[in-house]
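> My file is query.txt. It has compact mmCIF, C-alpha atoms:
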# COMPACT_ATOMS: atom_id res chain seq x y z
CA MET X 97 21.18 24.10 1.53
CA ILE X 98 17.41 23.54 1.16
CA LYS X 99 16.00 20.91 3.51
CA ALA X 100 12.78 18.96 2.95
CA VAL X 101 10.07 18.60 5.59
CA ILE X 102 6.90 16.52 5.79
CA SER X 103 4.41 19.17 6.87
CA GLY X 104 1.12 17.29 6.53
CA THR X 105 -0.48 13.93 5.83
CA GLY X 106 -3.94 12.90 4.72
CA LEU X 107 -5.97 9.71 4.53
CA TYR X 108 -9.07 8.65 2.64
CA THR X 109 -10.76 5.53 4.00
CA PRO X 110 -13.60 3.94 1.99
CA PRO X 111 -16.70 3.59 4.20
CA ALA X 112 -17.45 -0.04 3.29
CA THR X 113 -15.77 -2.72 5.42
CA ILE X 114 -15.54 -6.50 5.15
CA SER X 115 -14.82 -8.61 8.22
CA ASN X 116 -12.95 -11.89 8.02
CA ASP X 117 -16.18 -13.75 8.82
CA GLU X 118 -18.01 -12.08 5.93
CA LEU X 119 -15.17 -12.79 3.53
CA VAL X 120 -14.91 -16.42 4.63
CA ASP X 121 -18.67 -16.99 4.29
CA ALA X 122 -18.57 -15.80 0.66
CA PHE X 123 -15.41 -17.77 -0.15
CA ASN X 124 -16.69 -20.99 1.40
CA ALA X 125 -20.01 -20.65 -0.48
CA TYR X 126 -17.98 -20.43 -3.70
CA VAL X 127 -15.88 -23.46 -2.68
CA GLU X 128 -18.95 -25.54 -1.86
CA ARG X 129 -20.60 -24.73 -5.19
CA HIS X 130 -17.37 -25.37 -7.14
CA ASN X 131 -16.79 -28.75 -5.49
CA SER X 132 -20.41 -29.73 -6.09
CA GLU X 133 -20.28 -28.77 -9.77
CA HIS X 134 -17.07 -30.75 -10.29
CA ALA X 135 -17.86 -33.64 -7.93
CA ASP X 136 -17.40 -36.35 -10.58
CA GLU X 137 -14.02 -35.02 -11.72
CA ILE X 138 -12.89 -34.73 -8.10
CA ALA X 139 -14.01 -38.30 -7.39
CA ARG X 140 -12.03 -39.55 -10.41
CA GLY X 141 -8.94 -37.68 -9.26
CA GLU X 142 -8.96 -35.44 -12.33
CA ARG X 143 -9.44 -32.26 -10.32
CA GLU X 144 -8.49 -31.30 -6.78
CA ALA X 145 -11.23 -30.23 -4.42
CA LEU X 146 -10.98 -26.64 -3.21
CA GLN X 147 -10.40 -26.21 0.51
CA PRO X 148 -12.48 -23.85 2.64
CA SER X 149 -11.01 -20.89 4.49
CA SER X 150 -11.55 -19.69 8.06
CA SER X 151 -11.24 -16.47 10.04
CA ALA X 152 -8.80 -18.15 12.42
CA PHE X 153 -6.55 -19.13 9.50
CA ILE X 154 -6.59 -15.59 8.09
CA GLU X 155 -5.75 -13.89 11.37
CA LYS X 156 -2.99 -16.36 12.20
CA ALA X 157 -1.45 -16.09 8.73
CA SER X 158 -1.61 -12.31 8.45
CA GLY X 159 -2.91 -10.48 11.51
CA ILE X 160 -5.74 -9.06 9.40
CA LYS X 161 -9.22 -8.78 10.94
CA ARG X 162 -11.07 -6.63 8.39
CA ARG X 163 -10.50 -4.38 5.39
CA HIS X 164 -12.01 -1.23 3.83
CA VAL X 165 -13.08 -1.53 0.19
CA ILE X 166 -14.55 0.62 -2.57
CA ASP X 167 -17.30 -1.95 -3.18
CA LYS X 168 -18.44 -4.65 -0.77
CA ASP X 169 -21.40 -6.33 -2.47
CA GLY X 170 -19.53 -7.47 -5.59
CA ILE X 171 -16.73 -9.02 -3.53
CA LEU X 172 -19.14 -10.94 -1.27
CA ASP X 173 -21.24 -12.25 -4.16
CA PRO X 174 -20.10 -15.92 -4.56
CA GLU X 175 -21.01 -15.79 -8.24
CA ARG X 176 -18.93 -12.66 -8.87
CA MET X 177 -16.22 -12.26 -6.18
CA CYS X 178 -14.91 -9.03 -7.65
CA PRO X 179 -15.67 -5.39 -6.77
CA ARG X 180 -18.36 -3.72 -8.82
CA ILE X 181 -16.97 -0.33 -9.87
CA PRO X 182 -18.86 1.03 -12.89
CA ASP X 183 -17.06 2.87 -15.68
CA ARG X 184 -17.40 6.64 -15.60
CA SER X 185 -17.63 9.02 -18.51
CA ASN X 186 -14.49 10.88 -19.52
CA ASP X 187 -16.06 14.05 -18.15
CA GLU X 188 -16.37 12.65 -14.61
CA PRO X 189 -13.56 12.45 -12.05
CA SER X 190 -11.97 9.01 -11.92
CA VAL X 191 -12.30 6.92 -8.76
CA GLN X 192 -8.62 7.37 -7.98
CA CYS X 193 -8.92 11.11 -8.54
CA GLU X 194 -11.78 11.36 -6.04
CA MET X 195 -9.83 9.37 -3.45
CA SER X 196 -6.75 11.53 -4.02
CA ILE X 197 -8.60 14.83 -3.64
CA ALA X 198 -9.95 13.79 -0.23
CA ALA X 199 -6.53 12.71 1.06
CA CYS X 200 -4.75 15.77 -0.41
CA ASN X 201 -7.21 18.20 1.14
CA GLU X 202 -6.57 16.74 4.59
CA ALA X 203 -2.78 16.91 4.10
CA LEU X 204 -3.02 20.55 2.98
CA GLU X 205 -5.28 21.43 5.90
CA GLN X 206 -2.92 19.77 8.37
CA ALA X 207 -0.02 21.74 6.93
CA GLY X 208 -1.97 24.99 6.81
CA LYS X 209 -1.42 25.33 3.06
CA THR X 210 -3.52 25.68 -0.09
CA PRO X 211 -3.07 24.30 -3.63
CA ALA X 212 -1.49 27.65 -4.53
CA ASP X 213 1.48 26.72 -2.32
CA VAL X 214 2.12 23.45 -4.20
CA ASP X 215 4.21 23.16 -7.36
CA ALA X 216 4.11 19.43 -8.08
CA LEU X 217 2.03 16.32 -7.49
CA ILE X 218 3.11 12.70 -7.77
CA VAL X 219 0.62 9.84 -7.83
CA ALA X 220 2.66 6.90 -6.57
CA CYS X 221 0.75 3.62 -6.28
CA SER X 222 0.80 -0.02 -7.32
CA ASN X 223 -2.07 0.08 -9.83
CA LEU X 224 -3.38 2.86 -12.06
CA GLN X 225 -6.87 2.59 -13.52
CA ARG X 226 -5.75 3.80 -16.94
CA ALA X 227 -2.59 4.33 -18.93
CA TYR X 228 -3.17 7.98 -19.84
CA PRO X 229 -3.84 10.80 -19.31
CA ALA X 230 -1.95 10.51 -16.03
CA ILE X 231 -4.08 10.25 -12.91
CA SER X 232 -1.69 12.73 -11.29
CA VAL X 233 -2.41 15.39 -13.93
CA GLU X 234 -6.13 14.83 -13.41
CA VAL X 235 -5.72 15.32 -9.65
CA GLN X 236 -3.52 18.36 -10.24
CA ASP X 237 -6.23 19.90 -12.40
CA ALA X 238 -9.00 19.06 -9.92
CA LEU X 239 -7.10 20.71 -7.06
CA GLY X 240 -6.06 23.71 -9.15
CA ILE X 241 -2.30 23.21 -8.73
CA GLU X 242 0.07 24.94 -11.13
CA GLY X 243 3.35 23.29 -12.10
CA PHE X 244 3.77 19.62 -13.00
CA ALA X 245 2.56 16.12 -12.11
CA TYR X 246 3.36 12.54 -13.01
CA ASP X 247 2.48 8.94 -12.13
CA MET X 248 4.93 6.36 -10.86
CA ASN X 249 4.73 2.71 -9.85
CA VAL X 250 7.11 0.72 -7.66
CA ALA X 251 4.35 -1.53 -6.29
CA CYS X 252 4.16 -1.52 -2.48
CA SER X 253 7.16 0.80 -2.22
CA SER X 254 5.64 3.48 -4.44
CA ALA X 255 4.92 5.99 -1.65
CA THR X 256 8.45 5.97 -0.24
CA PHE X 257 9.97 6.10 -3.73
CA GLY X 258 7.61 9.01 -4.37
CA LEU X 259 8.88 10.65 -1.19
CA GLN X 260 12.43 10.38 -2.52
CA ALA X 261 11.34 12.10 -5.75
CA ALA X 262 9.55 14.81 -3.76
CA VAL X 263 12.62 15.41 -1.60
CA ASN X 264 14.75 15.72 -4.73
CA ALA X 265 12.36 18.27 -6.26
CA VAL X 266 12.25 20.36 -3.09
CA GLU X 267 15.96 20.22 -2.32
CA ASN X 268 17.10 20.95 -5.89
CA GLY X 269 14.79 23.95 -6.04
CA SER X 270 12.39 22.78 -8.76
CA ALA X 271 9.41 22.88 -6.38
CA ARG X 272 8.48 24.65 -3.17
CA ALA X 273 6.12 21.88 -2.14
CA VAL X 274 5.16 18.46 -3.55
CA LEU X 275 2.15 16.26 -2.82
CA VAL X 276 2.78 12.50 -2.92
CA VAL X 277 -0.51 10.65 -3.29
CA SER X 278 -1.18 6.88 -3.16
CA PRO X 279 -4.73 5.95 -4.23
CA GLU X 280 -4.71 2.19 -3.80
CA ILE X 281 -7.69 0.13 -5.03
CA CYS X 282 -6.06 -3.19 -4.24
CA SER X 283 -9.36 -5.08 -4.28
CA GLY X 284 -9.37 -4.59 -8.05
CA HIS X 285 -6.36 -6.87 -8.62
CA LEU X 286 -7.02 -9.44 -5.88
CA ASN X 287 -8.17 -12.97 -6.72
CA PHE X 288 -10.98 -13.51 -4.21
CA ARG X 289 -11.20 -17.17 -5.31
CA ASP X 290 -7.66 -17.96 -4.11
CA ARG X 291 -7.59 -19.32 -0.55
CA ASP X 292 -3.98 -18.25 0.05
CA SER X 293 -4.51 -14.60 -0.86
CA HIS X 294 -8.23 -13.71 -0.94
CA PHE X 295 -7.95 -11.91 2.41
CA ILE X 296 -4.77 -9.88 1.87
CA PHE X 297 -5.76 -6.51 0.45
CA GLY X 298 -7.92 -3.49 1.22
CA ASP X 299 -8.45 -0.07 -0.36
CA ALA X 300 -7.30 3.36 0.87
CA CYS X 301 -5.54 6.55 -0.25
CA THR X 302 -2.83 8.56 1.50
CA ALA X 303 -1.26 11.93 0.79
CA ILE X 304 1.96 13.50 2.06
CA LEU X 305 2.97 17.14 1.63
CA VAL X 306 6.72 17.71 1.38
CA GLU X 307 7.91 21.35 1.66
CA ARG X 308 10.98 23.48 1.99
CA GLU X 309 11.91 23.83 5.64
CA GLU X 310 11.89 27.64 5.39
CA ASN X 311 8.17 27.56 4.52
CA VAL X 312 7.15 25.43 7.51
CA SER X 313 6.47 26.94 10.92
CA ASP X 314 8.97 26.20 13.70
CA GLY X 315 8.12 23.01 15.55
CA GLN X 316 5.79 21.78 12.82
CA GLY X 317 6.25 18.59 10.83
CA PHE X 318 9.09 16.13 10.37
CA GLU X 319 12.47 16.89 8.85
CA ILE X 320 13.54 14.25 6.33
CA LEU X 321 17.06 13.24 7.34
CA GLY X 322 17.56 10.78 4.52
CA THR X 323 16.03 8.30 2.11
CA SER X 324 17.31 4.90 1.04
CA LEU X 325 15.98 2.96 -1.95
CA LYS X 326 16.78 -0.59 -3.05
CA THR X 327 15.49 -2.89 -5.79
CA LYS X 328 16.28 -6.48 -6.66
CA PHE X 329 14.41 -8.37 -9.38
CA SER X 330 12.18 -11.22 -8.28
CA ASN X 331 9.17 -13.09 -9.70
CA ALA X 332 7.93 -14.06 -6.24
CA ILE X 333 5.26 -11.31 -6.34
CA ARG X 334 3.75 -10.64 -9.73
CA ASN X 335 0.78 -9.32 -11.69
CA ASN X 336 0.91 -9.83 -15.47
CA PHE X 337 -2.13 -7.72 -16.35
CA GLY X 338 -1.33 -5.16 -19.02
CA PHE X 339 -2.21 -3.68 -22.39
CA LEU X 340 -0.50 -6.48 -24.30
CA ASN X 341 -2.91 -9.09 -22.89
CA ARG X 342 -5.30 -8.48 -25.78
CA ALA X 343 -2.55 -9.64 -28.15
CA ASP X 344 -2.76 -13.19 -26.77
CA LYS X 345 -6.29 -14.33 -26.01
CA GLU X 346 -4.99 -17.58 -24.52
CA GLY X 347 -3.89 -15.65 -21.46
CA VAL X 348 -7.05 -13.62 -20.86
CA ASN X 349 -8.51 -14.11 -17.35
CA LYS X 350 -5.76 -16.47 -16.22
CA PRO X 351 -4.78 -16.24 -12.52
CA ASP X 352 -1.50 -14.48 -13.27
CA LYS X 353 -3.45 -11.46 -14.56
CA LEU X 354 -4.27 -10.80 -10.90
CA PHE X 355 -2.04 -10.70 -7.82
CA VAL X 356 0.04 -13.85 -7.33
CA GLN X 357 2.85 -14.48 -4.89
CA GLN X 358 5.01 -17.15 -3.32
CA GLY X 359 4.31 -16.03 0.22
CA ARG X 360 6.85 -18.11 2.12
CA LYS X 361 9.60 -17.22 -0.34
CA VAL X 362 8.80 -13.52 -0.01
CA PHE X 363 8.82 -13.75 3.78
CA ARG X 364 12.16 -15.54 3.78
CA GLU X 365 13.90 -13.28 1.26
CA VAL X 366 12.48 -9.82 1.88
CA SER X 367 12.53 -9.65 5.69
CA PRO X 368 16.33 -9.71 6.10
CA MET X 369 16.76 -7.31 3.15
CA VAL X 370 14.47 -4.77 4.81
CA ALA X 371 16.19 -5.01 8.18
CA GLU X 372 19.61 -4.65 6.54
CA THR X 373 18.44 -1.62 4.56
CA ILE X 374 17.14 0.14 7.67
CA LEU X 375 20.23 -0.64 9.72
CA GLY X 376 22.53 0.41 6.86
CA GLN X 377 20.71 3.69 6.44
CA LEU X 378 20.83 4.44 10.16
CA SER X 379 24.56 3.73 10.15
CA SER X 380 25.09 6.08 7.20
CA LEU X 381 23.38 8.82 9.23
CA SER X 382 25.49 8.01 12.32
CA LEU X 383 22.40 6.77 14.13
CA THR X 384 21.62 3.55 15.98
CA ALA X 385 18.42 1.56 16.31
CA GLU X 386 18.22 2.54 19.97
CA GLN X 387 17.71 6.17 18.93
CA ILE X 388 14.62 5.34 16.87
CA LYS X 389 11.31 5.85 18.66
CA ARG X 390 9.13 4.26 16.01
CA MET X 391 9.13 2.28 12.78
CA TRP X 392 6.14 2.82 10.51
CA LEU X 393 6.49 -0.35 8.46
CA HIS X 394 4.68 -1.54 5.34
CA GLN X 395 1.50 -3.24 6.50
CA ALA X 396 1.52 -6.52 4.59
CA ASN X 397 1.83 -9.20 7.24
CA LEU X 398 2.05 -9.00 11.02
CA ASN X 399 4.56 -11.84 11.33
CA MET X 400 6.81 -10.22 8.74
CA ASN X 401 6.75 -6.85 10.50
CA GLN X 402 7.49 -8.43 13.86
CA LEU X 403 10.49 -10.26 12.39
CA ILE X 404 11.86 -7.12 10.71
CA ALA X 405 11.47 -5.06 13.89
CA ARG X 406 13.20 -7.80 15.88
CA LYS X 407 16.13 -7.86 13.47
CA VAL X 408 16.47 -4.07 13.64
CA LEU X 409 16.10 -3.69 17.41
CA GLY X 410 17.69 -6.98 18.48
CA ARG X 411 14.55 -7.76 20.49
CA ASP X 412 10.78 -7.89 20.11
CA ALA X 413 9.23 -4.51 19.38
CA THR X 414 6.30 -3.09 21.29
CA THR X 415 3.19 -1.95 19.43
CA GLU X 416 4.29 1.63 20.17
CA GLU X 417 7.63 1.00 18.46
CA ALA X 418 6.10 -0.78 15.45
CA PRO X 419 2.40 0.15 15.28
CA VAL X 420 -0.05 -2.06 13.40
CA ILE X 421 -2.92 -0.85 11.24
CA LEU X 422 -3.29 -3.89 8.97
CA ASP X 423 -5.75 -5.49 11.43
CA GLU X 424 -8.23 -2.81 10.34
CA TYR X 425 -7.03 -1.88 6.83
CA ALA X 426 -5.35 -5.12 5.65
CA ASN X 427 -2.56 -4.64 3.10
CA THR X 428 -3.15 -1.36 1.25
CA SER X 429 0.07 -1.67 -0.76
CA SER X 430 2.06 1.59 -0.83
CA ALA X 431 -0.45 3.37 1.42
CA GLY X 432 0.17 1.07 4.40
CA SER X 433 3.31 2.56 5.93
CA VAL X 434 1.92 6.08 5.40
CA ILE X 435 -1.38 5.16 7.11
CA ALA X 436 0.69 3.95 10.08
CA PHE X 437 2.66 7.23 10.03
CA HIS X 438 -0.50 9.33 9.68
CA LYS X 439 -2.22 7.64 12.62
CA HIS X 440 0.78 7.18 14.91
CA LYS X 441 2.91 10.35 14.78
CA GLY X 442 0.95 12.68 17.02
CA ASP X 443 2.83 11.83 20.22
CA PHE X 444 6.29 12.75 18.85
CA THR X 445 8.15 15.59 20.50
CA THR X 446 10.96 17.75 19.09
CA GLY X 447 14.06 15.75 18.16
CA GLU X 448 12.48 12.29 18.26
CA LEU X 449 13.32 10.00 15.34
CA GLY X 450 11.37 7.50 13.27
CA VAL X 451 11.60 5.40 10.10
CA ILE X 452 8.94 5.09 7.39
CA CYS X 453 9.68 1.90 5.46
CA SER X 454 7.81 0.09 2.71
CA PHE X 455 8.71 -3.02 0.74
CA GLY X 456 7.21 -5.39 -1.78
CA ALA X 457 7.16 -6.57 -5.37
CA GLY X 458 10.22 -5.95 -7.39
CA TYR X 459 11.68 -6.63 -4.88
CA SER X 460 11.67 -3.01 -3.77
CA ILE X 461 12.44 -1.29 -0.47
CA GLY X 462 12.08 2.37 0.41
CA SER X 463 13.21 3.71 3.78
CA VAL X 464 12.84 7.30 5.03
CA VAL X 465 14.33 8.55 8.31
CA VAL X 466 12.52 11.51 9.85
CA ARG X 467 12.99 13.76 12.89
CA ARG X 468 10.24 15.72 14.65
CA ARG X 469 10.93 19.43 14.37
Show this structure as structure tokens.

Amino acid sequence: MIKAVISGTGLYTPPATISNDELVDAFNAYVERHNSEHADEIARGEREALQPSSSAFIEKASGIKRRHVIDKDGILDPERMCPRIPDRSNDEPSVQCEMSIAACNEALEQAGKTPADVDALIVACSNLQRAYPAISVEVQDALGIEGFAYDMNVACSSATFGLQAAVNAVENGSARAVLVVSPEICSGHLNFRDRDSHFIFGDACTAILVEREENVSDGQGFEILGTSLKTKFSNAIRNNFGFLNRADKEGVNKPDKLFVQQGRKVFREVSPMVAETILGQLSSLSLTAEQIKRMWLHQANLNMNQLIARKVLGRDATTEEAPVILDEYANTSSAGSVIAFHKHKGDFTTGELGVICSFGAGYSIGSVVVRRR
């Protein structure tokens, strides 16, 4: 039986950063101007005044302190409040392709492999900058990989769902090695004029190389013991932007064409589902929570992660057991749990166990149990 192993991971981090204070200054300047422009309507009760934000509110609500972004100036411009990412010609690499190449090269270097060793590439992320040709095929071509590639989207769970697909390809013999890449430009679909969500997202790209165990040196990488996927339809997290928008001009530029969510509802409904999924998967593998050294959880909200870890462990988790990267990166959608894995796996010794778990819109949950070789 062929077994699948994670032999390398890579991370691309955009150099530009935005602190909570910087974000709040821009948002509050927008709020002040908006309220001034609509002062008469507000006074007559015809329009509600917008409320300012604060760094203390953001950190308490989410645990986020700053975020990396592709473009900083456009987001912090109170008259724009949107990243400025110019179109490129069809002969230039796309932004997501450039991000992916950087992350893939690091994953290949970590694994000691070259593109010639890879047979497939999956771009798994929450937003793709075009419908076709597939970003994955563009990345495949740029890296010089033979074989096949495709795009997939399961929102914040895309990377772990992509891992499942990679494991299937490796274990059924259709590929020796598969790269799973998650180029997330979350700032592109975030409404920076919405007080409840303007701070949530950042940009980043991760890559994971999944290989046949026989092609990985002894003691290197993490054996994938099992994957568990779950979906349940919900409108609590939604983005209605799509190619049909041009067919109804009434809906153009409405708030639902960007990220919208019912945060409290998501917290209440998703947290127990995630904990149950992890515990159920561990049980199916004849494992217990006490045997798990670390949970690399989706980095959406600190309070949510703490609750999930508590439900799994039956007690509060330490930062070593459930590491946090969202204070620096914010929510990077599907890349979040892989960033946590990439940055917090180096201290594992042979036989130690961990869980990579992502969750989000859909609802969707992807859980992967790994063991250090």
> Would you please work out which residue, of X:Ser454, X:Thr446, X:Thr384, X:Ser270, is nearest to Leu325 (chain X) when using only C-alpha atoms?
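Looking only at the distances to Leu325 (chain X), the closest residue turns out to be X:Ser454.
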> I'd like the neighbourhood of Pro110 (chain X) as a VMD selection string, where a residue qualifies if any of its atoms comes within 6 Å (using all atoms listed in the file), though same-chain residues fewer than 3 positions away should be ignored.
chain X and resid 164 to 166
> Would you mind telling me which residue in X:Gly159, X:Gly432, X:Pro174, X:Gly442 lies nearest to Ser254 (chain X) when using all atoms listed in the file?
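Closest to Ser254 (chain X) of all the choices is X:Gly432.
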> Using all atoms listed in the file, which residue out of X:Asn223, X:Val276, X:Asn397, X:Gln260 lies closest to Asn336 (chain X)?
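For Asn336 (chain X), the nearest of the given residues is X:Asn223.
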> So the first atom is CA of Phe297 (chain X) and the second is CA of Thr428 (chain X); what is the distance between them in Å, to one decimal place?
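That distance, rounded to one decimal, is 5.8 Å.
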> CA of Thr327 (chain X) and CA of Met97 (chain X) are how many Å apart?
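Value for the CA of Thr327 (chain X)-CA of Met97 (chain X) distance: 28.5 Å.
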> What lies within 8 Å of Val127 (chain X) using only C-alpha atoms, ignoring chain neighbours under 5 positions off, as a compact mmCIF listing (two decimals) with C-alpha atoms, in the frame of the given file?

# COMPACT_ATOMS: atom_id res chain seq x y z
CA LEU X 146 -10.98 -26.64 -3.21
CA GLN X 147 -10.40 -26.21 0.51
CA PRO X 148 -12.48 -23.85 2.64
> Residues at most 8 Å from region 329-333 of chain X, counting only C-alpha atoms, excluding those fewer than 4 positions away in the same chain, as a PDB file with C-alpha atoms, in the coordinates of the input?

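Output saved as part-v9.pdb:
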ATOM      1  CA  PHE X 355      -2.040 -10.700  -7.820  1.00  0.00           C
ATOM      2  CA  VAL X 356       0.040 -13.850  -7.330  1.00  0.00           C
ATOM      3  CA  GLN X 357       2.850 -14.480  -4.890  1.00  0.00           C
ATOM      4  CA  GLN X 358       5.010 -17.150  -3.320  1.00  0.00           C
ATOM      5  CA  GLY X 359       4.310 -16.030   0.220  1.00  0.00           C
ATOM      6  CA  LYS X 361       9.600 -17.220  -0.340  1.00  0.00           C
ATOM      7  CA  VAL X 362       8.800 -13.520  -0.010  1.00  0.00           C
ATOM      8  CA  GLY X 456       7.210  -5.390  -1.780  1.00  0.00           C
ATOM      9  CA  ALA X 457       7.160  -6.570  -5.370  1.00  0.00           C
ATOM     10  CA  GLY X 458      10.220  -5.950  -7.390  1.00  0.00           C
ATOM     11  CA  TYR X 459      11.680  -6.630  -4.880  1.00  0.00           C
TER      12      TYR X 459
END
> Within 10 Å of Asn249 (chain X), counting only C-alpha atoms, which residues qualify if same-chain residues fewer than 6 places away don't, as a ChimeraX atom specification?
/X:219-224,255,257-258,278,430
> Of the residues X:Ala139, X:Ile154, X:Ile160, X:Leu381, which is the one nearest to Leu398 (chain X), using all atoms listed in the file?
X:Ile160
> Using only C-alpha atoms, can you tell me which of X:Pro279, X:Pro419, X:Gly170, X:Gly269 comes closest to Cys193 (chain X)?
X:Pro279
> Closest to Phe363 (chain X) among X:Pro111, X:Asn401, X:Gln236, X:Leu275, using only C-alpha atoms?
X:Asn401
> Need the shell around Thr109 (chain X): protein/DNA/RNA residues with any atom at most 8 Å away, counting only C-alpha atoms. Skip same-chain ones fewer than 5 positions apart. Format as a ChimeraX atom specification?
/X:164,299-301
> Starting from the point (-0.1, -8.6, -17.2), work out which residues of protein, DNA or RNA have an atom no more than 10 Å away when counting all atoms listed in the file; state them as a list in words.
Arg334, Asn335, Asn336, Phe337, Gly338, Phe339, Leu340, Asn341, Gly347, Val348, Lys350, Asp352, Lys353, Leu354 and Phe355 of chain X
> Please report the interatomic distance between CA of Cys200 (chain X) and CA of Ala303 (chain X) in Å with one decimal.
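Between these atoms lies a distance of 5.3 Å.
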> Which polymer residues, protein or nucleic acid, are no farther than 6 Å from (-8.7, -8.3, 3.6), counting all atoms listed in the file, as a list in words?
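Residues satisfying the cut-off, written out: Arg162, Arg163, Phe295, Ile296, Phe297, Gly298 and Ala426 of chain X.
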